[in-house]
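See below for structure-v1.cif, which holds mmCIF, C-alpha atoms, pLDDT in the B column; chains and numbers go by the auth columns.
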```
data_target
loop_
_atom_site.group_PDB
_atom_site.id
_atom_site.type_symbol
_atom_site.label_atom_id
_atom_site.label_comp_id
_atom_site.label_asym_id
_atom_site.label_seq_id
_atom_site.Cartn_x
_atom_site.Cartn_y
_atom_site.Cartn_z
_atom_site.B_iso_or_equiv
_atom_site.auth_seq_id
_atom_site.auth_asym_id
ATOM 1 C CA MET A 1 6.631 14.257 -2.210 34.00 232 X
ATOM 2 C CA ARG A 2 4.058 11.514 -2.457 38.00 233 X
ATOM 3 C CA LYS A 3 5.454 8.874 -4.807 40.00 234 X
ATOM 4 C CA ALA A 4 3.195 5.917 -4.120 40.00 235 X
ATOM 5 C CA ILE A 5 -0.424 5.277 -3.370 40.00 236 X
ATOM 6 C CA TRP A 6 0.296 3.473 -0.017 35.00 237 X
ATOM 7 C CA GLY A 7 1.986 3.699 1.486 40.00 238 X
ATOM 8 C CA LEU A 8 -0.409 0.213 -1.773 37.00 239 X
ATOM 9 C CA GLY A 9 -1.598 1.265 -2.812 39.00 240 X
ATOM 10 C CA ILE A 10 -2.043 1.515 -2.317 33.00 241 X
ATOM 11 C CA VAL A 11 -2.602 2.745 -1.040 34.00 242 X
ATOM 12 C CA LEU A 12 -1.008 2.064 -0.750 33.00 243 X
ATOM 13 C CA LEU A 13 0.953 1.705 0.908 33.00 244 X
ATOM 14 C CA GLY A 14 6.337 0.739 4.969 34.00 245 X
ATOM 15 C CA SER A 15 9.749 -0.522 4.936 33.00 246 X
ATOM 16 C CA ALA A 16 12.266 -2.304 6.967 32.00 247 X
ATOM 17 C CA ALA A 17 14.723 -4.729 5.500 35.00 248 X
ATOM 18 C CA CYS A 18 14.255 -8.282 6.681 36.00 249 X
ATOM 19 C CA GLY A 19 16.776 -8.476 9.491 39.00 250 X
ATOM 20 C CA VAL A 20 18.598 -11.425 10.915 41.00 251 X
ATOM 21 C CA GLY A 21 16.073 -11.663 13.749 46.00 252 X
ATOM 22 C CA ALA A 22 13.017 -11.425 11.494 54.00 253 X
ATOM 23 C CA GLN A 23 10.782 -14.468 11.423 65.00 254 X
ATOM 24 C CA ALA A 24 8.898 -15.718 8.386 76.00 255 X
ATOM 25 C CA ALA A 25 5.147 -15.162 8.401 87.00 256 X
ATOM 26 C CA ALA A 26 2.299 -16.275 6.151 93.00 257 X
ATOM 27 C CA PHE A 27 0.819 -13.613 3.876 96.00 258 X
ATOM 28 C CA SER A 28 -2.935 -13.777 4.514 96.00 259 X
ATOM 29 C CA ASP A 29 -5.974 -11.576 5.047 96.00 260 X
ATOM 30 C CA SER A 30 -5.458 -11.528 8.813 96.00 261 X
ATOM 31 C CA TYR A 31 -1.743 -10.723 8.375 97.00 262 X
ATOM 32 C CA LEU A 32 -2.506 -7.703 6.157 97.00 263 X
ATOM 33 C CA GLU A 33 -5.278 -6.207 8.304 97.00 264 X
ATOM 34 C CA GLY A 34 -4.128 -3.014 10.001 96.00 265 X
ATOM 35 C CA ARG A 35 -2.121 0.140 9.271 96.00 266 X
ATOM 36 C CA TRP A 36 0.978 -0.018 7.034 96.00 267 X
ATOM 37 C CA THR A 37 3.448 2.501 5.641 95.00 268 X
ATOM 38 C CA THR A 38 6.566 2.640 3.475 94.00 269 X
ATOM 39 C CA GLY A 39 10.011 3.684 4.624 90.00 270 X
ATOM 40 C CA SER A 40 10.558 2.984 8.278 93.00 271 X
ATOM 41 C CA VAL A 41 8.269 2.460 11.239 95.00 272 X
ATOM 42 C CA ASP A 42 9.089 6.081 12.189 95.00 273 X
ATOM 43 C CA ASN A 43 6.879 7.155 9.257 94.00 274 X
ATOM 44 C CA CYS A 44 3.859 5.780 11.139 93.00 275 X
ATOM 45 C CA THR A 45 3.873 8.898 13.326 90.00 276 X
ATOM 46 C CA LYS A 46 4.394 11.393 10.496 88.00 277 X
ATOM 47 C CA ALA A 47 1.104 12.852 9.223 79.00 278 X
ATOM 48 C CA GLU A 48 2.846 13.978 6.019 82.00 279 X
ATOM 49 C CA HIS A 49 3.782 10.374 5.120 88.00 280 X
ATOM 50 C CA GLU A 50 1.218 8.111 3.455 89.00 281 X
ATOM 51 C CA GLN A 51 -0.239 5.259 5.438 93.00 282 X
ATOM 52 C CA THR A 52 -2.632 2.577 4.250 94.00 283 X
ATOM 53 C CA VAL A 53 -5.242 0.907 6.439 95.00 284 X
ATOM 54 C CA PHE A 54 -6.378 -2.540 5.279 97.00 285 X
ATOM 55 C CA ARG A 55 -9.700 -3.438 6.898 97.00 286 X
ATOM 56 C CA LYS A 56 -11.144 -6.862 7.694 96.00 287 X
ATOM 57 C CA ASP A 57 -14.089 -6.258 5.313 97.00 288 X
ATOM 58 C CA GLY A 58 -11.747 -6.110 2.284 97.00 289 X
ATOM 59 C CA THR A 59 -11.673 -2.314 1.986 98.00 290 X
ATOM 60 C CA PHE A 60 -8.706 0.002 2.401 97.00 291 X
ATOM 61 C CA ALA A 61 -7.860 3.692 2.557 95.00 292 X
ATOM 62 C CA THR A 62 -4.518 5.356 1.891 91.00 293 X
ATOM 63 C CA GLU A 63 -4.238 8.509 3.966 89.00 294 X
ATOM 64 C CA HIS A 64 -1.979 11.544 3.868 83.00 295 X
ATOM 65 C CA GLY A 65 -2.236 14.297 6.446 81.00 296 X
ATOM 66 C CA GLY A 66 -5.335 12.625 7.891 80.00 297 X
ATOM 67 C CA LYS A 67 -7.229 12.692 4.564 84.00 298 X
ATOM 68 C CA ALA A 68 -7.979 9.746 2.283 87.00 299 X
ATOM 69 C CA LEU A 69 -6.184 10.003 -1.059 86.00 300 X
ATOM 70 C CA ALA A 70 -7.169 6.564 -2.290 90.00 301 X
ATOM 71 C CA VAL A 71 -9.870 4.082 -1.291 95.00 302 X
ATOM 72 C CA GLY A 72 -10.896 0.727 -2.622 96.00 303 X
ATOM 73 C CA PHE A 73 -11.086 -3.012 -2.252 98.00 304 X
ATOM 74 C CA TRP A 74 -8.290 -5.544 -1.750 98.00 305 X
ATOM 75 C CA ARG A 75 -7.887 -9.298 -1.982 97.00 306 X
ATOM 76 C CA ILE A 76 -5.095 -11.805 -1.571 98.00 307 X
ATOM 77 C CA GLU A 77 -4.492 -14.916 -3.625 96.00 308 X
ATOM 78 C CA ASP A 78 -1.395 -16.859 -2.601 95.00 309 X
ATOM 79 C CA ASP A 79 1.483 -14.330 -2.804 96.00 310 X
ATOM 80 C CA ARG A 80 -0.454 -11.815 -4.910 97.00 311 X
ATOM 81 C CA LEU A 81 -2.191 -8.666 -3.671 97.00 312 X
ATOM 82 C CA GLU A 82 -4.814 -7.122 -5.926 97.00 313 X
ATOM 83 C CA MET A 83 -6.382 -3.725 -5.243 96.00 314 X
ATOM 84 C CA HIS A 84 -9.185 -1.924 -7.049 96.00 315 X
ATOM 85 C CA ILE A 85 -8.553 1.739 -6.290 93.00 316 X
ATOM 86 C CA LEU A 86 -10.332 5.048 -6.664 91.00 317 X
ATOM 87 C CA THR A 87 -7.511 7.550 -6.264 86.00 318 X
ATOM 88 C CA THR A 88 -6.796 11.241 -6.498 76.00 319 X
ATOM 89 C CA GLU A 89 -4.155 12.530 -8.884 68.00 320 X
ATOM 90 C CA GLY A 90 -2.053 13.673 -5.917 63.00 321 X
ATOM 91 C CA SER A 91 -1.455 10.120 -4.708 66.00 322 X
ATOM 92 C CA LEU A 92 -0.056 8.925 -8.025 67.00 323 X
ATOM 93 C CA PRO A 93 3.667 8.871 -8.805 66.00 324 X
ATOM 94 C CA GLU A 94 4.706 12.024 -10.701 71.00 325 X
ATOM 95 C CA SER A 95 5.276 10.047 -13.889 70.00 326 X
ATOM 96 C CA LEU A 96 1.617 8.968 -13.886 71.00 327 X
ATOM 97 C CA GLN A 97 0.136 12.338 -12.932 66.00 328 X
ATOM 98 C CA ALA A 98 0.858 13.761 -16.387 68.00 329 X
ATOM 99 C CA ALA A 99 -0.383 10.609 -18.118 69.00 330 X
ATOM 100 C CA LEU A 100 -3.639 10.535 -16.134 68.00 331 X
ATOM 101 C CA PRO A 101 -4.909 14.103 -15.826 65.00 332 X
ATOM 102 C CA GLY A 102 -8.074 14.811 -13.856 68.00 333 X
ATOM 103 C CA ASP A 103 -9.263 14.579 -10.306 75.00 334 X
ATOM 104 C CA TYR A 104 -10.051 10.877 -9.733 79.00 335 X
ATOM 105 C CA HIS A 105 -8.936 7.625 -11.318 81.00 336 X
ATOM 106 C CA ALA A 106 -10.207 4.056 -11.018 87.00 337 X
ATOM 107 C CA LEU A 107 -7.200 1.750 -11.288 89.00 338 X
ATOM 108 C CA LEU A 108 -6.332 -1.901 -10.826 94.00 339 X
ATOM 109 C CA VAL A 109 -3.094 -2.469 -8.919 93.00 340 X
ATOM 110 C CA LYS A 110 -1.522 -5.909 -8.938 96.00 341 X
ATOM 111 C CA GLY A 111 1.331 -6.785 -6.620 97.00 342 X
ATOM 112 C CA LEU A 112 3.633 -9.701 -5.934 98.00 343 X
ATOM 113 C CA VAL A 113 4.551 -10.100 -2.255 97.00 344 X
ATOM 114 C CA PHE A 114 7.793 -11.653 -1.017 97.00 345 X
ATOM 115 C CA ASP A 115 10.171 -11.659 1.976 97.00 346 X
ATOM 116 C CA VAL A 116 7.189 -11.791 4.336 97.00 347 X
ATOM 117 C CA ALA A 117 8.214 -11.532 7.995 96.00 348 X
ATOM 118 C CA ASP A 118 6.527 -10.470 11.207 94.00 349 X
ATOM 119 C CA GLY A 119 5.334 -6.901 10.596 95.00 350 X
ATOM 120 C CA GLN A 120 7.067 -6.366 7.252 96.00 351 X
ATOM 121 C CA PHE A 121 7.091 -7.522 3.642 97.00 352 X
ATOM 122 C CA ARG A 122 8.320 -6.486 0.222 97.00 353 X
ATOM 123 C CA LEU A 123 6.043 -5.793 -2.720 96.00 354 X
ATOM 124 C CA VAL A 124 6.517 -5.239 -6.437 97.00 355 X
ATOM 125 C CA GLN A 125 3.385 -3.609 -7.830 94.00 356 X
ATOM 126 C CA GLY A 126 2.135 -2.529 -11.201 92.00 357 X
ATOM 127 C CA ILE A 127 -0.093 0.515 -11.497 85.00 358 X
ATOM 128 C CA ALA A 128 -1.164 1.953 -14.857 80.00 359 X
ATOM 129 C CA GLY A 129 1.769 0.239 -16.569 84.00 360 X
ATOM 130 C CA GLU A 130 4.389 1.479 -14.103 85.00 361 X
ATOM 131 C CA ILE A 131 6.262 -1.029 -11.917 91.00 362 X
ATOM 132 C CA GLN A 132 7.588 -0.070 -8.504 91.00 363 X
ATOM 133 C CA GLY A 133 9.062 -1.841 -5.512 95.00 364 X
ATOM 134 C CA LEU A 134 8.022 -1.105 -1.956 94.00 365 X
ATOM 135 C CA GLU A 135 9.124 -2.284 1.433 96.00 366 X
ATOM 136 C CA MET A 136 6.171 -2.259 3.804 97.00 367 X
ATOM 137 C CA VAL A 137 6.151 -2.100 7.584 97.00 368 X
ATOM 138 C CA ARG A 138 3.232 -2.483 9.981 97.00 369 X
ATOM 139 C CA CYS A 139 2.508 0.535 12.159 96.00 370 X
ATOM 140 C CA PRO A 140 2.269 -0.162 15.893 93.00 371 X
ATOM 141 C CA ALA A 141 -1.258 -0.061 17.318 84.00 372 X
ATOM 142 C CA SER A 142 -2.058 3.364 18.713 55.00 373 X
#
```
Could you take the file, read its structure, and then write that structure out as structure tokens?
Amino acid sequence: MRKAIWGLGIVLLGSAACGVGAQAAAFSDSYLEGRWTTGSVDNCTKAEHEQTVFRKDGTFATEHGGKALAVGFWRIEDDRLEMHILTTEGSLPESLQAALPGDYHALLVKGLVFDVADGQFRLVQGIAGEIQGLEMVRCPAS
């Protein structure tokens, strides 16, 4: 079931623990541009798993099954990721679906990024008063 906006926002919205061979990277606009998911890189090929595309122009879309569930604008300031999202109820965590009934919701998502490495990072985000942790992984170019 869809638990997060991204796959980040989110969407988000991938995960891989920072391994011994992982190298530190700088969290920046150019680092974030591209397709990301939660879980493992294997989720990049699963249409039923959310993926979030961060575009160079500061927009993003979180997709599920090839359809956008959330769209909006993103920006980075130091180690913080901020997203202004227009989202469907279906992309919200179950605990928020009951609290925010209706078809679409405009939300501000704020996240703190850490453990940034090549192609992966961790994120703690707040959305509508709910805090959640995500491990993000970059999807390979297709």
Check: Which is closest to Asp310 (chain X) among X:His336, X:Lys298, X:Lys341, X:Arg369, if we use all atoms listed in the file?
Finding: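 Among the listed residues, the smallest separation from Asp310 (chain X) belongs to X:Lys341.
When the PyMOL selection byres ((chain X and resi 315) around 9) is evaluated on the file shown here, the picked residues come out as Val302, Gly303, Phe304, Trp305, Glu313, Met314, Ile316, Leu317, Ala337, Leu338, Leu339, Val340 and Lys341 of chain X.
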Residue selection dump (C-alpha atoms) as a PDB file, in the frame of the given file:
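Saved result, out.pdb, follows:
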```
ATOM      1  CA  VAL X 302      -9.870   4.082  -1.291  1.00 95.00           C
ATOM      2  CA  GLY X 303     -10.896   0.727  -2.622  1.00 96.00           C
ATOM      3  CA  PHE X 304     -11.086  -3.012  -2.252  1.00 98.00           C
ATOM      4  CA  TRP X 305      -8.290  -5.544  -1.750  1.00 98.00           C
ATOM      5  CA  GLU X 313      -4.814  -7.122  -5.926  1.00 97.00           C
ATOM      6  CA  MET X 314      -6.382  -3.725  -5.243  1.00 96.00           C
ATOM      7  CA  ILE X 316      -8.553   1.739  -6.290  1.00 93.00           C
ATOM      8  CA  LEU X 317     -10.332   5.048  -6.664  1.00 91.00           C
ATOM      9  CA  ALA X 337     -10.207   4.056 -11.018  1.00 87.00           C
ATOM     10  CA  LEU X 338      -7.200   1.750 -11.288  1.00 89.00           C
ATOM     11  CA  LEU X 339      -6.332  -1.901 -10.826  1.00 94.00           C
ATOM     12  CA  VAL X 340      -3.094  -2.469  -8.919  1.00 93.00           C
ATOM     13  CA  LYS X 341      -1.522  -5.909  -8.938  1.00 96.00           C
TER      14      LYS X 341
END
```
Check: Please, what distance in Å, to one decimal, runs between CA of Glu281 (chain X) and CA of Val344 (chain X)?
Finding: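 CA of Val344 (chain X) lies at a distance of 19.4 Å from CA of Glu281 (chain X).
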Margin query: Between CA of Lys287 (chain X) and CA of Met367 (chain X), what is the distance in Å, rounded to a tenth?
Written below: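 Spanning CA of Lys287 (chain X) to CA of Met367 (chain X) is a straight-line distance of 18.3 Å.
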Notebook entry, point to check: Could you state the separation of CA of Arg286 (chain X) and CA of Ser326 (chain X) in Å, given to one decimal place?
Noted result: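 Computing it gives 29.0 Å between the two atoms.
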Box time for region 347-364 of chain X: axis-aligned, enclosing all its listed atoms, 8 Å extra on each side; report centre and edge lengths in Å to one decimal, as AutoDock Vina command-line options.
```
--center_x 3.9 --center_y -4.9 --center_z -2.7 --size_x 26.2 --size_y 29.7 --size_z 43.8
```
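Proximity to Leu354 (chain X) was assessed for X:Gly297, X:Ala372, X:Thr269, X:Gln282 counting all atoms listed in the file; the smallest distance is recorded for X:Thr269.
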Margin query: For Val347 (chain X), find every residue with an atom within 7 Å (counting all atoms listed in the file), except residues of its own chain fewer than 6 positions away, and show them as a list in words.
Written below: Ala255, Ala256, Ala257, Phe258 and Arg353 of chain X
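You can rank X:Ala359, X:Asp349, X:Ile307, X:His295 by their closest distance to Lys277 (chain X) using all atoms listed in the file, and at the top of that list sits X:His295.
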Taking all heavy atoms as the atom set, what does region 304-315 of chain X look like once completed, written as a PDB file, in the coordinates of the input?
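Everything below was put into part32.pdb:
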```pdb
ATOM      1  N   PHE X 304     -10.899  -1.641  -2.712  1.00 98.00           N
ATOM      2  CA  PHE X 304     -11.086  -3.012  -2.252  1.00 98.00           C
ATOM      3  C   PHE X 304      -9.810  -3.803  -2.505  1.00 98.00           C
ATOM      4  O   PHE X 304      -9.132  -3.584  -3.510  1.00 98.00           O
ATOM      5  CB  PHE X 304     -12.247  -3.668  -3.004  1.00 98.00           C
ATOM      6  CG  PHE X 304     -13.523  -2.895  -2.865  1.00 98.00           C
ATOM      7  CD1 PHE X 304     -13.903  -1.970  -3.827  1.00 98.00           C
ATOM      8  CD2 PHE X 304     -14.333  -3.081  -1.760  1.00 98.00           C
ATOM      9  CE1 PHE X 304     -15.078  -1.245  -3.696  1.00 98.00           C
ATOM     10  CE2 PHE X 304     -15.507  -2.357  -1.615  1.00 98.00           C
ATOM     11  CZ  PHE X 304     -15.878  -1.443  -2.578  1.00 98.00           C
ATOM     12  N   TRP X 305      -9.490  -4.731  -1.601  1.00 98.00           N
ATOM     13  CA  TRP X 305      -8.290  -5.544  -1.750  1.00 98.00           C
ATOM     14  C   TRP X 305      -8.641  -7.014  -1.588  1.00 98.00           C
ATOM     15  O   TRP X 305      -9.636  -7.368  -0.972  1.00 98.00           O
ATOM     16  CB  TRP X 305      -7.208  -5.131  -0.753  1.00 98.00           C
ATOM     17  CG  TRP X 305      -7.598  -5.304   0.699  1.00 98.00           C
ATOM     18  CD1 TRP X 305      -8.239  -4.391   1.481  1.00 98.00           C
ATOM     19  CD2 TRP X 305      -7.373  -6.440   1.522  1.00 98.00           C
ATOM     20  NE1 TRP X 305      -8.426  -4.887   2.739  1.00 98.00           N
ATOM     21  CE2 TRP X 305      -7.902  -6.146   2.802  1.00 98.00           C
ATOM     22  CE3 TRP X 305      -6.769  -7.676   1.323  1.00 98.00           C
ATOM     23  CZ2 TRP X 305      -7.845  -7.051   3.858  1.00 98.00           C
ATOM     24  CZ3 TRP X 305      -6.710  -8.577   2.383  1.00 98.00           C
ATOM     25  CH2 TRP X 305      -7.237  -8.256   3.636  1.00 98.00           C
ATOM     26  N   ARG X 306      -7.770  -7.854  -2.192  1.00 97.00           N
ATOM     27  CA  ARG X 306      -7.887  -9.298  -1.982  1.00 97.00           C
ATOM     28  C   ARG X 306      -6.524  -9.930  -2.174  1.00 97.00           C
ATOM     29  O   ARG X 306      -5.670  -9.399  -2.893  1.00 97.00           O
ATOM     30  CB  ARG X 306      -8.930  -9.922  -2.888  1.00 97.00           C
ATOM     31  CG  ARG X 306      -8.575 -10.028  -4.324  1.00 97.00           C
ATOM     32  CD  ARG X 306      -9.716 -10.664  -5.133  1.00 97.00           C
ATOM     33  NE  ARG X 306      -9.272 -10.938  -6.479  1.00 97.00           N
ATOM     34  CZ  ARG X 306      -8.821 -12.103  -6.899  1.00 97.00           C
ATOM     35  NH1 ARG X 306      -8.775 -13.124  -6.077  1.00 97.00           N
ATOM     36  NH2 ARG X 306      -8.422 -12.272  -8.143  1.00 97.00           N
ATOM     37  N   ILE X 307      -6.350 -11.056  -1.514  1.00 98.00           N
ATOM     38  CA  ILE X 307      -5.095 -11.805  -1.571  1.00 98.00           C
ATOM     39  C   ILE X 307      -5.365 -13.164  -2.193  1.00 98.00           C
ATOM     40  O   ILE X 307      -6.360 -13.816  -1.860  1.00 98.00           O
ATOM     41  CB  ILE X 307      -4.516 -11.994  -0.154  1.00 98.00           C
ATOM     42  CG1 ILE X 307      -4.081 -10.651   0.424  1.00 98.00           C
ATOM     43  CG2 ILE X 307      -3.356 -12.986  -0.168  1.00 98.00           C
ATOM     44  CD1 ILE X 307      -3.670 -10.713   1.879  1.00 98.00           C
ATOM     45  N   GLU X 308      -4.472 -13.561  -3.088  1.00 96.00           N
ATOM     46  CA  GLU X 308      -4.492 -14.916  -3.625  1.00 96.00           C
ATOM     47  C   GLU X 308      -3.050 -15.397  -3.645  1.00 96.00           C
ATOM     48  O   GLU X 308      -2.222 -14.871  -4.398  1.00 96.00           O
ATOM     49  CB  GLU X 308      -5.088 -14.947  -5.030  1.00 96.00           C
ATOM     50  CG  GLU X 308      -5.250 -16.355  -5.563  1.00 96.00           C
ATOM     51  CD  GLU X 308      -5.942 -16.391  -6.912  1.00 96.00           C
ATOM     52  OE1 GLU X 308      -6.847 -15.580  -7.142  1.00 96.00           O
ATOM     53  OE2 GLU X 308      -5.545 -17.242  -7.723  1.00 96.00           O
ATOM     54  N   ASP X 309      -2.754 -16.354  -2.779  1.00 95.00           N
ATOM     55  CA  ASP X 309      -1.395 -16.859  -2.601  1.00 95.00           C
ATOM     56  C   ASP X 309      -0.457 -15.702  -2.235  1.00 95.00           C
ATOM     57  O   ASP X 309      -0.655 -15.077  -1.220  1.00 95.00           O
ATOM     58  CB  ASP X 309      -0.912 -17.612  -3.846  1.00 95.00           C
ATOM     59  CG  ASP X 309      -1.784 -18.827  -4.147  1.00 95.00           C
ATOM     60  OD1 ASP X 309      -2.180 -19.518  -3.190  1.00 95.00           O
ATOM     61  OD2 ASP X 309      -2.076 -19.073  -5.335  1.00 95.00           O
ATOM     62  N   ASP X 310       0.529 -15.411  -3.093  1.00 96.00           N
ATOM     63  CA  ASP X 310       1.483 -14.330  -2.804  1.00 96.00           C
ATOM     64  C   ASP X 310       1.187 -13.086  -3.626  1.00 96.00           C
ATOM     65  O   ASP X 310       2.045 -12.247  -3.851  1.00 96.00           O
ATOM     66  CB  ASP X 310       2.918 -14.799  -3.038  1.00 96.00           C
ATOM     67  CG  ASP X 310       3.149 -15.306  -4.452  1.00 96.00           C
ATOM     68  OD1 ASP X 310       2.164 -15.381  -5.232  1.00 96.00           O
ATOM     69  OD2 ASP X 310       4.291 -15.634  -4.782  1.00 96.00           O
ATOM     70  N   ARG X 311      -0.058 -12.959  -4.086  1.00 97.00           N
ATOM     71  CA  ARG X 311      -0.454 -11.815  -4.910  1.00 97.00           C
ATOM     72  C   ARG X 311      -1.473 -10.956  -4.162  1.00 97.00           C
ATOM     73  O   ARG X 311      -2.412 -11.465  -3.568  1.00 97.00           O
ATOM     74  CB  ARG X 311      -1.032 -12.293  -6.239  1.00 97.00           C
ATOM     75  CG  ARG X 311       0.023 -12.999  -7.085  1.00 97.00           C
ATOM     76  CD  ARG X 311      -0.518 -13.466  -8.411  1.00 97.00           C
ATOM     77  NE  ARG X 311      -1.696 -14.314  -8.315  1.00 97.00           N
ATOM     78  CZ  ARG X 311      -1.678 -15.634  -8.178  1.00 97.00           C
ATOM     79  NH1 ARG X 311      -0.539 -16.270  -8.114  1.00 97.00           N
ATOM     80  NH2 ARG X 311      -2.803 -16.316  -8.117  1.00 97.00           N
ATOM     81  N   LEU X 312      -1.277  -9.648  -4.256  1.00 97.00           N
ATOM     82  CA  LEU X 312      -2.191  -8.666  -3.671  1.00 97.00           C
ATOM     83  C   LEU X 312      -2.798  -7.878  -4.824  1.00 97.00           C
ATOM     84  O   LEU X 312      -2.079  -7.316  -5.650  1.00 97.00           O
ATOM     85  CB  LEU X 312      -1.429  -7.718  -2.733  1.00 97.00           C
ATOM     86  CG  LEU X 312      -2.216  -6.540  -2.156  1.00 97.00           C
ATOM     87  CD1 LEU X 312      -3.376  -7.019  -1.295  1.00 97.00           C
ATOM     88  CD2 LEU X 312      -1.276  -5.651  -1.340  1.00 97.00           C
ATOM     89  N   GLU X 313      -4.118  -7.861  -4.885  1.00 97.00           N
ATOM     90  CA  GLU X 313      -4.814  -7.122  -5.926  1.00 97.00           C
ATOM     91  C   GLU X 313      -5.671  -6.050  -5.264  1.00 97.00           C
ATOM     92  O   GLU X 313      -6.365  -6.328  -4.287  1.00 97.00           O
ATOM     93  CB  GLU X 313      -5.679  -8.068  -6.744  1.00 97.00           C
ATOM     94  CG  GLU X 313      -6.369  -7.407  -7.919  1.00 97.00           C
ATOM     95  CD  GLU X 313      -7.134  -8.396  -8.760  1.00 97.00           C
ATOM     96  OE1 GLU X 313      -6.487  -9.094  -9.571  1.00 97.00           O
ATOM     97  OE2 GLU X 313      -8.357  -8.489  -8.582  1.00 97.00           O
ATOM     98  N   MET X 314      -5.606  -4.828  -5.802  1.00 96.00           N
ATOM     99  CA  MET X 314      -6.382  -3.725  -5.243  1.00 96.00           C
ATOM    100  C   MET X 314      -7.107  -2.992  -6.361  1.00 96.00           C
ATOM    101  O   MET X 314      -6.498  -2.634  -7.374  1.00 96.00           O
ATOM    102  CB  MET X 314      -5.470  -2.764  -4.493  1.00 96.00           C
ATOM    103  CG  MET X 314      -4.854  -3.381  -3.269  1.00 96.00           C
ATOM    104  SD  MET X 314      -3.727  -2.266  -2.448  1.00 96.00           S
ATOM    105  CE  MET X 314      -2.373  -2.279  -3.592  1.00 96.00           C
ATOM    106  N   HIS X 315      -8.381  -2.773  -6.167  1.00 96.00           N
ATOM    107  CA  HIS X 315      -9.185  -1.924  -7.049  1.00 96.00           C
ATOM    108  C   HIS X 315      -9.285  -0.590  -6.335  1.00 96.00           C
ATOM    109  O   HIS X 315      -9.813  -0.515  -5.216  1.00 96.00           O
ATOM    110  CB  HIS X 315     -10.567  -2.538  -7.280  1.00 96.00           C
ATOM    111  CG  HIS X 315     -10.503  -3.802  -8.063  1.00 96.00           C
ATOM    112  ND1 HIS X 315     -10.613  -3.823  -9.423  1.00 96.00           N
ATOM    113  CD2 HIS X 315     -10.290  -5.084  -7.672  1.00 96.00           C
ATOM    114  CE1 HIS X 315     -10.495  -5.068  -9.848  1.00 96.00           C
ATOM    115  NE2 HIS X 315     -10.297  -5.849  -8.805  1.00 96.00           N
TER     116      HIS X 315
END
```
